[in-house]
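*Asks:* Structure file upload02.txt (compact mmCIF, C-alpha atoms and all ligand atoms) is given on the next line.
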# COMPACT_ATOMS: atom_id res chain seq x y z
CA MET O 1 0.00 0.00 0.00
CA ARG O 2 1.03 3.64 -0.47
CA VAL O 3 1.00 6.05 2.45
CA VAL O 4 1.88 9.63 3.30
CA SER O 5 4.57 9.42 5.96
CA CYS O 6 5.56 12.07 8.48
CA ASN O 7 9.11 11.13 9.48
CA SER O 8 9.92 14.31 11.44
CA PHE O 9 7.82 17.25 12.68
CA GLY O 10 8.23 20.24 10.36
CA PRO O 11 6.92 21.85 7.19
CA VAL O 12 4.30 19.92 5.24
CA THR O 13 6.73 19.79 2.28
CA ASP O 14 8.83 17.29 4.31
CA LEU O 15 6.09 14.65 4.01
CA THR O 16 7.05 11.64 1.88
CA ILE O 17 5.00 9.14 -0.12
CA GLU O 18 6.12 5.59 0.71
CA ASP O 19 5.28 1.98 -0.15
CA ARG O 20 4.55 -0.18 2.89
CA PRO O 21 3.42 -3.78 3.31
CA SER O 22 -0.34 -4.10 3.84
CA THR O 23 -1.54 -4.47 7.43
CA PRO O 24 -3.10 -7.93 7.99
CA VAL O 25 -6.84 -7.94 8.72
CA GLY O 26 -7.56 -9.40 12.17
CA PRO O 27 -10.76 -10.87 13.60
CA GLY O 28 -13.56 -8.30 13.72
CA GLN O 29 -11.73 -5.95 11.33
CA VAL O 30 -12.21 -4.81 7.74
CA ARG O 31 -9.79 -3.50 5.15
CA ILE O 32 -11.03 -0.37 3.38
CA ALA O 33 -9.70 0.49 -0.08
CA VAL O 34 -9.59 4.27 0.38
CA THR O 35 -11.19 6.36 -2.36
CA ALA O 36 -11.18 9.66 -0.42
CA ALA O 37 -9.23 10.80 2.67
CA GLY O 38 -10.60 13.91 4.38
CA VAL O 39 -8.17 16.75 5.11
CA ASN O 40 -8.59 18.77 8.31
CA PHE O 41 -6.72 21.74 9.75
CA VAL O 42 -5.65 19.48 12.61
CA ASP O 43 -3.70 17.26 10.15
CA ALA O 44 -1.45 20.23 9.37
CA LEU O 45 -0.99 20.83 13.12
CA PHE O 46 -0.05 17.15 13.67
CA VAL O 47 2.54 17.21 10.88
CA GLN O 48 4.14 20.44 12.10
CA GLY O 49 4.26 19.16 15.70
CA LEU O 50 1.93 21.99 16.75
CA TYR O 51 -0.95 19.87 18.09
CA GLN O 52 -1.34 19.15 21.82
CA ILE O 53 -0.87 15.43 21.04
CA LYS O 54 2.40 14.48 19.31
CA PRO O 55 2.21 11.00 17.74
CA PRO O 56 5.35 8.83 17.86
CA LEU O 57 7.37 9.19 14.62
CA PRO O 58 7.06 8.07 11.92
CA PHE O 59 3.29 8.27 11.52
CA VAL O 60 0.73 8.43 8.73
CA PRO O 61 -1.58 11.44 9.12
CA GLY O 62 -5.26 11.47 8.20
CA GLY O 63 -8.25 11.19 10.55
CA GLU O 64 -11.15 10.25 8.27
CA VAL O 65 -11.63 8.16 5.15
CA ALA O 66 -14.24 6.69 2.83
CA GLY O 67 -13.98 3.85 0.35
CA THR O 68 -15.07 0.28 -0.24
CA VAL O 69 -14.55 -2.82 1.87
CA ALA O 70 -11.74 -4.87 0.27
CA GLU O 71 -11.48 -7.67 2.86
CA VAL O 72 -13.39 -8.77 5.96
CA GLY O 73 -11.84 -10.43 8.99
CA GLU O 74 -12.99 -13.52 10.84
CA GLY O 75 -16.35 -13.13 12.57
CA VAL O 76 -17.47 -10.05 10.64
CA THR O 77 -21.10 -10.43 9.57
CA THR O 78 -22.08 -6.78 9.22
CA HIS O 79 -19.92 -5.98 6.18
CA ALA O 80 -19.18 -7.60 2.81
CA VAL O 81 -16.52 -6.97 0.19
CA GLY O 82 -17.64 -4.09 -2.01
CA ASP O 83 -19.71 -2.26 0.65
CA ARG O 84 -19.30 1.54 0.59
CA VAL O 85 -18.11 2.70 4.03
CA PHE O 86 -16.57 5.64 5.90
CA ALA O 87 -14.54 5.64 9.10
CA SER O 88 -12.72 7.84 11.59
CA THR O 89 -9.14 6.64 11.85
CA GLY O 90 -7.52 9.13 14.23
CA LEU O 91 -4.31 8.77 12.23
CA GLY O 92 -3.38 6.63 9.21
CA GLY O 93 -6.01 7.86 6.76
CA PHE O 94 -3.68 9.36 4.12
CA ALA O 95 -3.12 5.97 2.51
CA THR O 96 -4.46 3.74 -0.24
CA GLU O 97 -5.92 1.39 2.39
CA VAL O 98 -6.68 1.26 6.12
CA VAL O 99 -7.67 -1.53 8.51
CA VAL O 100 -10.31 -0.64 11.13
CA PRO O 101 -12.67 -2.50 13.47
CA ALA O 102 -15.84 -3.34 11.51
CA ARG O 103 -17.98 -1.56 14.11
CA ARG O 104 -16.17 1.69 13.26
CA ALA O 105 -16.81 1.36 9.50
CA TRP O 106 -20.19 2.98 8.88
CA HIS O 107 -22.13 2.22 5.71
CA THR O 108 -22.13 5.26 3.42
CA PRO O 109 -25.66 6.42 2.59
CA ASP O 110 -26.53 6.70 -1.11
CA THR O 111 -27.13 10.43 -0.59
CA LEU O 112 -23.40 11.05 0.08
CA THR O 113 -20.48 10.84 -2.35
CA ASP O 114 -17.32 9.18 -1.03
CA ALA O 115 -15.67 12.60 -0.83
CA GLN O 116 -18.52 13.96 1.33
CA ALA O 117 -18.49 10.81 3.49
CA ALA O 118 -14.74 11.28 4.08
CA THR O 119 -15.13 14.86 5.27
CA PHE O 120 -18.33 15.34 7.26
CA VAL O 121 -17.66 13.44 10.52
CA GLN O 122 -15.15 15.83 12.16
CA SER O 123 -16.81 19.01 10.92
CA TYR O 124 -20.43 18.02 11.64
CA GLY O 125 -19.51 16.08 14.80
CA THR O 126 -17.92 19.22 16.22
CA ALA O 127 -20.71 21.56 15.13
CA TRP O 128 -23.48 19.25 16.37
CA PHE O 129 -21.73 18.61 19.71
CA ALA O 130 -21.17 22.36 20.17
CA LEU O 131 -24.67 23.57 19.37
CA HIS O 132 -26.83 20.67 20.63
CA HIS O 133 -24.83 19.24 23.56
CA ARG O 134 -22.75 22.15 24.87
CA ALA O 135 -24.78 25.26 24.02
CA ARG O 136 -28.24 23.66 24.04
CA ALA O 137 -29.17 26.30 21.48
CA GLN O 138 -32.84 27.16 21.03
CA ALA O 139 -34.67 28.05 17.80
CA GLY O 140 -34.85 31.79 17.24
CA GLU O 141 -31.50 32.57 18.90
CA TRP O 142 -28.81 34.53 17.08
CA LEU O 143 -25.57 32.64 16.33
CA LEU O 144 -22.36 34.27 15.09
CA VAL O 145 -20.10 31.71 13.39
CA LEU O 146 -16.47 32.80 12.94
CA GLY O 147 -14.28 31.12 10.30
CA ALA O 148 -17.65 30.39 8.70
CA GLY O 149 -16.22 29.35 5.30
CA GLY O 150 -13.91 26.69 6.80
CA GLY O 151 -14.65 23.07 7.66
CA VAL O 152 -16.08 23.24 11.18
CA GLY O 153 -17.43 26.76 10.55
CA LEU O 154 -19.50 25.89 7.49
CA ALA O 155 -20.87 22.83 9.28
CA ALA O 156 -21.92 25.07 12.21
CA VAL O 157 -23.75 27.38 9.80
CA ASP O 158 -25.61 24.36 8.43
CA VAL O 159 -26.40 22.81 11.84
CA GLY O 160 -27.42 26.21 13.25
CA ARG O 161 -29.81 26.92 10.39
CA ALA O 162 -31.30 23.42 10.72
CA MET O 163 -31.94 24.14 14.44
CA GLY O 164 -33.84 27.30 13.54
CA LEU O 165 -31.15 29.74 14.64
CA HIS O 166 -30.51 33.07 12.91
CA VAL O 167 -26.97 32.64 11.62
CA ILE O 168 -24.48 35.45 11.04
CA ALA O 169 -21.41 34.21 9.16
CA GLY O 170 -18.04 35.88 9.73
CA ALA O 171 -15.35 35.14 7.14
CA SER O 172 -12.42 36.85 5.46
CA SER O 173 -13.29 36.41 1.77
CA ALA O 174 -16.30 36.89 -0.50
CA ASP O 175 -16.02 33.22 -1.55
CA LYS O 176 -16.26 31.99 2.03
CA ARG O 177 -19.15 34.33 2.86
CA ALA O 178 -21.00 33.16 -0.27
CA ALA O 179 -20.53 29.51 0.79
CA ALA O 180 -21.95 30.36 4.21
CA VAL O 181 -24.98 32.07 2.67
CA ALA O 182 -25.51 29.00 0.46
CA HIS O 183 -25.57 26.94 3.69
CA GLY O 184 -28.21 29.16 5.26
CA ALA O 185 -26.48 32.18 6.86
CA GLU O 186 -28.92 35.11 6.98
CA GLU O 187 -26.27 37.79 7.40
CA VAL O 188 -22.53 38.06 6.81
CA ILE O 189 -19.64 39.99 8.34
CA ASP O 190 -16.34 40.63 6.60
CA THR O 191 -13.96 39.78 9.44
CA ILE O 192 -11.12 41.75 7.83
CA ALA O 193 -12.92 45.00 6.90
CA ASP O 194 -15.83 45.19 9.38
CA ASP O 195 -15.88 45.89 13.12
CA VAL O 196 -17.08 42.42 14.12
CA LYS O 197 -18.47 43.36 17.56
CA THR O 198 -20.42 46.40 16.36
CA ARG O 199 -21.72 44.71 13.21
CA ALA O 200 -22.84 41.55 15.05
CA LYS O 201 -24.71 43.66 17.63
CA GLU O 202 -26.40 45.70 14.90
CA LEU O 203 -27.45 42.66 12.88
CA SER O 204 -28.82 40.78 15.91
CA GLY O 205 -30.65 43.71 17.49
CA GLY O 206 -28.40 44.21 20.52
CA GLY O 207 -26.12 41.19 20.76
CA VAL O 208 -25.93 37.54 19.76
CA HIS O 209 -26.87 34.61 22.02
CA LEU O 210 -24.01 32.42 20.78
CA VAL O 211 -20.60 32.79 19.19
CA TYR O 212 -18.95 29.71 17.62
CA ASP O 213 -15.22 30.41 17.41
CA PRO O 214 -12.74 28.09 15.65
CA VAL O 215 -10.32 30.99 14.94
CA GLY O 216 -9.26 32.53 18.30
CA GLY O 217 -6.94 35.55 18.61
CA ALA O 218 -8.52 39.00 18.53
CA LEU O 219 -11.70 37.63 16.91
CA ALA O 220 -12.53 35.69 20.08
CA GLU O 221 -12.61 38.87 22.16
CA ALA O 222 -14.69 40.67 19.51
CA GLY O 223 -17.10 37.72 19.68
CA LEU O 224 -17.23 37.83 23.48
CA ARG O 225 -18.04 41.56 23.40
CA ALA O 226 -20.80 40.93 20.82
CA LEU O 227 -22.73 38.66 23.24
CA ARG O 228 -26.00 39.78 24.83
CA ASP O 229 -27.00 39.02 28.45
CA ASP O 230 -26.34 35.37 29.35
CA GLY O 231 -24.75 34.81 25.94
CA GLN O 232 -22.20 32.05 25.38
CA LEU O 233 -18.86 32.04 23.60
CA LEU O 234 -18.15 28.51 22.32
CA VAL O 235 -14.38 27.92 22.18
CA ILE O 236 -13.78 25.55 19.25
CA GLY O 237 -10.18 26.12 18.12
CA PHE O 238 -7.35 28.49 17.34
CA ALA O 239 -6.85 28.26 13.57
CA GLY O 240 -5.51 31.83 13.63
CA GLY O 241 -2.59 30.57 15.70
CA GLU O 242 -3.16 32.70 18.81
CA ILE O 243 -4.82 31.31 21.93
CA PRO O 244 -6.94 34.23 23.19
CA LYS O 245 -6.60 35.62 26.71
CA LEU O 246 -10.11 36.89 27.39
CA PRO O 247 -10.78 39.81 29.78
CA ALA O 248 -12.74 38.32 32.70
CA ASN O 249 -14.65 41.58 33.24
CA GLN O 250 -16.28 41.04 29.84
CA ILE O 251 -17.43 37.59 31.03
CA LEU O 252 -18.73 38.94 34.34
CA LEU O 253 -20.58 41.81 32.67
CA ARG O 254 -23.99 40.78 31.37
CA ASN O 255 -23.58 37.30 32.95
CA ARG O 256 -21.82 35.91 29.88
CA ARG O 257 -20.46 32.37 29.65
CA VAL O 258 -17.40 30.90 27.95
CA THR O 259 -17.87 27.23 27.07
CA GLY O 260 -15.18 24.77 26.02
CA VAL O 261 -15.98 22.42 23.16
CA ASP O 262 -13.65 19.42 22.86
CA TRP O 263 -15.58 17.02 20.66
CA GLY O 264 -12.45 14.95 19.94
CA GLY O 265 -11.72 14.52 23.65
CA TRP O 266 -15.38 13.74 24.44
CA VAL O 267 -15.55 11.00 21.78
CA GLY O 268 -12.81 9.00 23.54
CA GLY O 269 -14.79 8.83 26.80
CA HIS O 270 -18.27 8.62 25.30
CA PRO O 271 -18.19 6.19 22.34
CA ALA O 272 -21.85 5.19 22.65
CA GLU O 273 -23.06 8.80 22.91
CA ASN O 274 -20.91 9.71 19.90
CA GLU O 275 -22.40 6.84 17.88
CA GLN O 276 -25.83 8.30 18.70
CA LEU O 277 -24.61 11.77 17.71
CA LEU O 278 -23.35 10.45 14.37
CA ALA O 279 -26.64 8.58 13.83
CA ASP O 280 -28.51 11.86 14.49
CA VAL O 281 -26.31 13.70 11.97
CA LEU O 282 -26.90 10.95 9.36
CA LEU O 283 -30.66 11.09 9.94
CA ALA O 284 -30.63 14.86 9.44
CA ILE O 285 -28.61 14.44 6.22
CA ALA O 286 -31.05 11.77 4.98
CA ALA O 287 -33.97 14.09 5.78
CA GLY O 288 -32.36 16.84 3.69
CA GLU O 289 -31.85 19.07 6.76
CA LEU O 290 -28.04 19.07 6.60
CA HIS O 291 -25.93 19.50 3.50
CA PRO O 292 -22.25 18.44 3.74
CA VAL O 293 -20.28 20.32 1.12
CA GLU O 294 -18.75 18.54 -1.92
CA PRO O 295 -15.01 18.87 -1.22
CA THR O 296 -12.19 19.99 -3.50
CA ALA O 297 -10.12 16.94 -4.51
CA TYR O 298 -6.31 16.63 -4.64
CA ARG O 299 -4.22 13.58 -5.55
CA LEU O 300 -2.65 11.77 -2.58
CA ASP O 301 0.75 12.77 -4.03
CA ASP O 302 -0.27 16.44 -3.70
CA VAL O 303 -0.80 16.18 0.05
CA ALA O 304 1.70 18.99 0.77
CA THR O 305 -0.18 21.41 -1.49
CA ALA O 306 -3.52 20.44 0.07
CA LEU O 307 -2.22 20.99 3.62
CA GLN O 308 -0.43 24.23 2.68
CA HIS O 309 -3.70 25.60 1.24
CA GLN O 310 -5.36 24.75 4.56
CA ILE O 311 -2.61 26.58 6.49
CA ASP O 312 -2.81 29.58 4.09
CA ARG O 313 -6.63 29.79 4.66
CA LYS O 314 -7.24 29.24 0.94
CA VAL O 315 -9.78 26.45 1.48
CA THR O 316 -13.49 27.19 1.27
CA GLY O 317 -15.43 24.20 2.59
CA LYS O 318 -13.53 20.90 2.66
CA THR O 319 -10.67 19.11 0.89
CA VAL O 320 -10.03 15.41 0.17
CA LEU O 321 -7.05 13.43 -1.02
CA VAL O 322 -7.84 10.85 -3.69
CA PRO O 323 -5.36 7.94 -3.71
N1 LIG U 1 -12.99 21.62 19.43
C1 LIG U 1 -13.05 20.57 18.63
O1 LIG U 1 -13.54 19.51 19.00
C2 LIG U 1 -12.51 20.71 17.22
C3 LIG U 1 -12.82 19.77 16.23
C4 LIG U 1 -12.34 19.97 14.94
C5 LIG U 1 -11.53 21.07 14.65
N2 LIG U 1 -11.20 21.95 15.66
C6 LIG U 1 -10.35 23.12 15.42
O2 LIG U 1 -11.08 24.07 14.69
C7 LIG U 1 -10.18 24.89 13.95
C8 LIG U 1 -10.67 24.99 12.52
O3 LIG U 1 -10.60 23.72 11.89
P1 LIG U 1 -11.12 23.55 10.39
O4 LIG U 1 -10.86 22.13 10.01
O5 LIG U 1 -12.47 24.12 10.23
O6 LIG U 1 -10.08 24.49 9.61
P2 LIG U 1 -10.28 25.29 8.24
O7 LIG U 1 -11.22 24.57 7.35
O8 LIG U 1 -8.90 25.54 7.74
O9 LIG U 1 -10.97 26.66 8.69
C9 LIG U 1 -10.36 27.50 9.61
C10 LIG U 1 -10.75 28.93 9.33
O10 LIG U 1 -10.04 29.74 10.29
C11 LIG U 1 -9.79 31.03 9.73
N3 LIG U 1 -8.42 31.50 9.96
C12 LIG U 1 -8.11 32.70 10.49
N4 LIG U 1 -6.79 32.86 10.58
C13 LIG U 1 -6.25 31.76 10.10
C14 LIG U 1 -4.89 31.34 9.93
N5 LIG U 1 -3.85 32.11 10.30
N6 LIG U 1 -4.68 30.13 9.41
C15 LIG U 1 -5.71 29.33 9.07
N7 LIG U 1 -7.02 29.68 9.22
C16 LIG U 1 -7.28 30.88 9.73
C17 LIG U 1 -10.04 30.90 8.23
O11 LIG U 1 -11.22 31.66 7.98
P3 LIG U 1 -11.12 33.16 7.46
O12 LIG U 1 -10.19 33.14 6.28
O13 LIG U 1 -12.51 33.46 7.14
O14 LIG U 1 -10.57 33.95 8.62
C18 LIG U 1 -10.32 29.43 7.96
O15 LIG U 1 -11.32 29.26 6.98
C19 LIG U 1 -8.80 24.25 14.09
O16 LIG U 1 -8.07 24.96 15.07
C20 LIG U 1 -9.11 22.84 14.57
O17 LIG U 1 -8.05 22.30 15.33
C21 LIG U 1 -11.69 21.79 16.92
Could I get this structure in the form of C-alpha cells?
Ligand SMILES: NC(=O)c1ccc[n+]([C@@H]2O[C@H](COP(=O)([O-])OP(=O)(O)OC[C@H]3O[C@@H](n4cnc5c(N)ncnc54)[C@H](OP(=O)(O)O)[C@@H]3O)[C@@H](O)[C@H]2O)c1
*Replies:*
Amino acid sequence: MRVVSCNSFGPVTDLTIEDRPSTPVGPGQVRIAVTAAGVNFVDALFVQGLYQIKPPLPFVPGGEVAGTVAEVGEGVTTHAVGDRVFASTGLGGFATEVVVPARRAWHTPDTLTDAQAATFVQSYGTAWFALHHRARAQAGEWLLVLGAGGGVGLAAVDVGRAMGLHVIAGASSADKRAAAVAHGAEEVIDTIADDVKTRAKELSGGGVHLVYDPVGGALAEAGLRALRDDGQLLVIGFAGGEIPKLPANQILLRNRRVTGVDWGGWVGGHPAENEQLLADVLLAIAAGELHPVEPTAYRLDDVATALQHQIDRKVTGKTVLVP
C-alpha cells in the first residue's frame, strides 16, 4: 500500500510518499480500499508538531476516510466486500488502504459521495456537539459563526440553520461568505474589513446569544463583546494561531459564559453517545436538513499542497485526497 509518511515534525513539504506492506486484517476488522481521505486543519498541526498530542514518529496522518470494503476479517457479519463505508481513523487515513474495526466502518448512505463521506464526521460532529450538547441552542436565537467558510465553521452554519437559529457568518473572503450564505447564513460579516463586535450587535438587534469560534486571537474577544445578556462564547479552536486571553470583566458583565468544546476529547470517553450523535447527523442528512459540502479533490501525491492551502486559509469548505 502507499502512504503519506511524516518522518519528522516540520513543514508539510517534508512529508514523503512511501510503499509499505499491507496491514493484515484481524478478527472483527475490515480492510477499506480508500477512495477519499478527508483533510482537516488538525492534520497540518499534527505534521508540524503543533498539536497538543504528538504521535510517535514516523506516523501516517489522516483522521477520516471513505472507500469500499476490500477484505473482511474472521467473525465479521455486518460488512461484505464491495460495501461503501466511511470511518474515523484518528491517524493513518492518508493511505491507499486502512484496517479498522468493523464496528467503526459505517455504511455510506446513497445520498453522500465518497468525498462527502470522508469529510463530514469531524466538521459536523464538532458543530453538532457544540450547538446541541454544549450550548443547548434554542430556535430563534442569534448565532455568530467565525471562520464560517472553513470546515467546522461551514458545518456550524448548516447545523445552526437546521436548528432554527438566525446565523451570522463571519469570514475573510467573499467566496467563504457566499458559501456560508448557500448553507443558510442570513447575514454576513467581513472579518477583515468590518468591526465584528459592532456589526454583530447591529445585525442581531443588541447582541448575539451564541458565538462559535474556531479561529481565536482578537476575533474571540470581539465575539465575546458581541454577546448579549447570558450569551455564550463557544471555544472551538485556534486556527488563527493565537490562543486568546479573554478579559474576565467582559465575562462577568452581562452574565456571559465561555464554554469549552472538545468534541475529539469527548468522543474518547463517550463512544456510545458519539455513535448516537453520528446517527442523528446521518438522519438529518437523509432528511435533507443538513448539506455536507462537496469537497475539492487533490491527488494523494499532492498532500503537501492540500495541507499548505489549509494553512494559508485558501480552502473554502472541505478538501479530500484521492489515492
Ligand atoms: N474543538 C473541537 O472539537 C474541534 C474539532 C475539529 C476542529 N477543531 C479546530 O477548529 C479549527 C478549525 O478547523 P477547520 O478544520 O475548520 O479548519 P479550516 O477549514 O482551515 O478553517 C479554519 C478557518 O479559520 C480562519 N483563519 C483565520 N486565521 C487563520 C490562519 N492564520 N490560518 C488558518 N485559518 C485561519 C479561516 O477563515 P477566514 O479566512 O474566514 O478567517 C479558515 O477558513 C482548528 O483549530 C481545529 O483544530 C476543533
*Asks:* Wanna dump the chain O-ligand LIG 1 (chain U) contacts at 6 Å for me, each residue with its shortest atom pair and the distance in Å to one decimal, counting only C-alpha atoms and all ligand atoms, ordered by chain and number, as CSV?
*Replies:*
residue,atom,partner,partner_atom,distance
O:Asn40,CA,U:LIG1,O4,4.4
O:Phe41,CA,U:LIG1,O4,4.2
O:Val42,CA,U:LIG1,O17,4.6
O:Gln122,CA,U:LIG1,C4,5.7
O:Thr126,CA,U:LIG1,C3,5.1
O:Gly147,CA,U:LIG1,O11,3.9
O:Gly149,CA,U:LIG1,O15,5.2
O:Gly150,CA,U:LIG1,O7,3.5
O:Gly151,CA,U:LIG1,O5,3.5
O:Val152,CA,U:LIG1,O5,3.8
O:Gly153,CA,U:LIG1,O5,5.6
O:Ala171,CA,U:LIG1,O13,3.3
O:Ser172,CA,U:LIG1,O13,3.8
O:Pro214,CA,U:LIG1,C7,4.4
O:Val215,CA,U:LIG1,O10,4.8
O:Ile236,CA,U:LIG1,N1,4.0
O:Gly237,CA,U:LIG1,O16,3.9
O:Phe238,CA,U:LIG1,O16,4.3
O:Ala239,CA,U:LIG1,O16,3.8
O:Gly240,CA,U:LIG1,N4,3.5
O:Gly241,CA,U:LIG1,N5,5.8
O:Val261,CA,U:LIG1,N1,4.8
O:Asp262,CA,U:LIG1,O1,3.9
O:Trp263,CA,U:LIG1,O1,3.6
O:Gly264,CA,U:LIG1,O1,4.8
O:Gln310,CA,U:LIG1,O8,4.8
O:Ile311,CA,U:LIG1,C15,4.9
O:Asp312,CA,U:LIG1,N6,5.7
O:Arg313,CA,U:LIG1,C15,4.5
*Asks:* In Å, rounded to a single decimal, give me how far CA of Gly207 in chain O is from CA of Ile189 in chain O.
*Replies:* 14.1 Å
*Asks:* Quick one, how far is CA of Ser88 in chain O from CA of Gly184 in chain O?
*Replies:*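 Separation of CA of Ser88 in chain O and CA of Gly184 in chain O: 27.1 Å.
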*Asks:* Using only C-alpha atoms, what does the table of range 41-96 of chain O residues within 10 Å of range 112-115 of chain O look like, with each row giving the shortest atom pair and its distance in Å to one decimal, sorted by chain and ascending number, as a tab-separated table?
*Replies:*
residue	atom	partner	partner_atom	distance
O:Val65	CA	O:Asp114	CA	8.5
O:Ala66	CA	O:Asp114	CA	5.5
O:Gly67	CA	O:Asp114	CA	6.4
O:Thr68	CA	O:Asp114	CA	9.2
O:Arg84	CA	O:Asp114	CA	8.1
O:Val85	CA	O:Asp114	CA	8.3
O:Phe86	CA	O:Asp114	CA	7.8
*Asks:* Name the residues, using the chain letters and numbers of the file, that sit within 7 Å of (-24.9, 35.9, 5.7) when counting all atoms listed in the file, and give them as a PDB file with C-alpha atoms, in the frame of the given file.
*Replies:*
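Output saved as out.pdb:
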ATOM      1  CA  ILE O 168     -24.480  35.450  11.040  1.00  0.00           C
ATOM      2  CA  ALA O 169     -21.410  34.210   9.160  1.00  0.00           C
ATOM      3  CA  ARG O 177     -19.150  34.330   2.860  1.00  0.00           C
ATOM      4  CA  ALA O 180     -21.950  30.360   4.210  1.00  0.00           C
ATOM      5  CA  VAL O 181     -24.980  32.070   2.670  1.00  0.00           C
ATOM      6  CA  ALA O 185     -26.480  32.180   6.860  1.00  0.00           C
ATOM      7  CA  GLU O 186     -28.920  35.110   6.980  1.00  0.00           C
ATOM      8  CA  GLU O 187     -26.270  37.790   7.400  1.00  0.00           C
ATOM      9  CA  VAL O 188     -22.530  38.060   6.810  1.00  0.00           C
TER      10      VAL O 188
END
*Asks:* Missing atoms in range 163-177 of chain O should be modelled up to N, CA and C atoms and reported as a JSON list (two decimals), keeping the file's coordinate frame.
*Replies:*
[["chain", "number", "residue", "atom", "x", "y", "z"],
["O", 163, "MET", "N", -31.33, 24.05, 13.10],
["O", 163, "MET", "CA", -31.94, 24.14, 14.44],
["O", 163, "MET", "C", -32.87, 25.35, 14.56],
["O", 164, "GLY", "N", -32.97, 26.14, 13.50],
["O", 164, "GLY", "CA", -33.84, 27.30, 13.54],
["O", 164, "GLY", "C", -33.18, 28.53, 14.13],
["O", 165, "LEU", "N", -31.85, 28.55, 14.14],
["O", 165, "LEU", "CA", -31.15, 29.74, 14.64],
["O", 165, "LEU", "C", -31.02, 30.76, 13.51],
["O", 166, "HIS", "N", -30.85, 32.03, 13.89],
["O", 166, "HIS", "CA", -30.51, 33.07, 12.91],
["O", 166, "HIS", "C", -28.99, 33.12, 12.86],
["O", 167, "VAL", "N", -28.43, 32.77, 11.70],
["O", 167, "VAL", "CA", -26.97, 32.64, 11.62],
["O", 167, "VAL", "C", -26.34, 33.85, 10.94],
["O", 168, "ILE", "N", -25.34, 34.41, 11.62],
["O", 168, "ILE", "CA", -24.48, 35.45, 11.04],
["O", 168, "ILE", "C", -23.14, 34.79, 10.77],
["O", 169, "ALA", "N", -22.67, 34.87, 9.52],
["O", 169, "ALA", "CA", -21.41, 34.21, 9.16],
["O", 169, "ALA", "C", -20.30, 35.24, 9.07],
["O", 170, "GLY", "N", -19.22, 35.02, 9.81],
["O", 170, "GLY", "CA", -18.04, 35.88, 9.73],
["O", 170, "GLY", "C", -16.93, 35.16, 8.99],
["O", 171, "ALA", "N", -16.44, 35.78, 7.91],
["O", 171, "ALA", "CA", -15.35, 35.14, 7.14],
["O", 171, "ALA", "C", -14.56, 36.22, 6.42],
["O", 172, "SER", "N", -13.35, 35.84, 5.98],
["O", 172, "SER", "CA", -12.42, 36.85, 5.46],
["O", 172, "SER", "C", -12.58, 37.12, 3.97],
["O", 173, "SER", "N", -13.23, 36.21, 3.23],
["O", 173, "SER", "CA", -13.29, 36.41, 1.77],
["O", 173, "SER", "C", -14.73, 36.31, 1.28],
["O", 174, "ALA", "N", -14.96, 36.92, 0.11],
["O", 174, "ALA", "CA", -16.30, 36.89, -0.50],
["O", 174, "ALA", "C", -16.72, 35.46, -0.80],
["O", 175, "ASP", "N", -15.76, 34.64, -1.25],
["O", 175, "ASP", "CA", -16.02, 33.22, -1.55],
["O", 175, "ASP", "C", -16.56, 32.48, -0.33],
["O", 176, "LYS", "N", -15.88, 32.69, 0.81],
["O", 176, "LYS", "CA", -16.26, 31.99, 2.03],
["O", 176, "LYS", "C", -17.62, 32.49, 2.53],
["O", 177, "ARG", "N", -17.85, 33.79, 2.41],
["O", 177, "ARG", "CA", -19.15, 34.33, 2.86],
["O", 177, "ARG", "C", -20.26, 33.81, 1.96]]
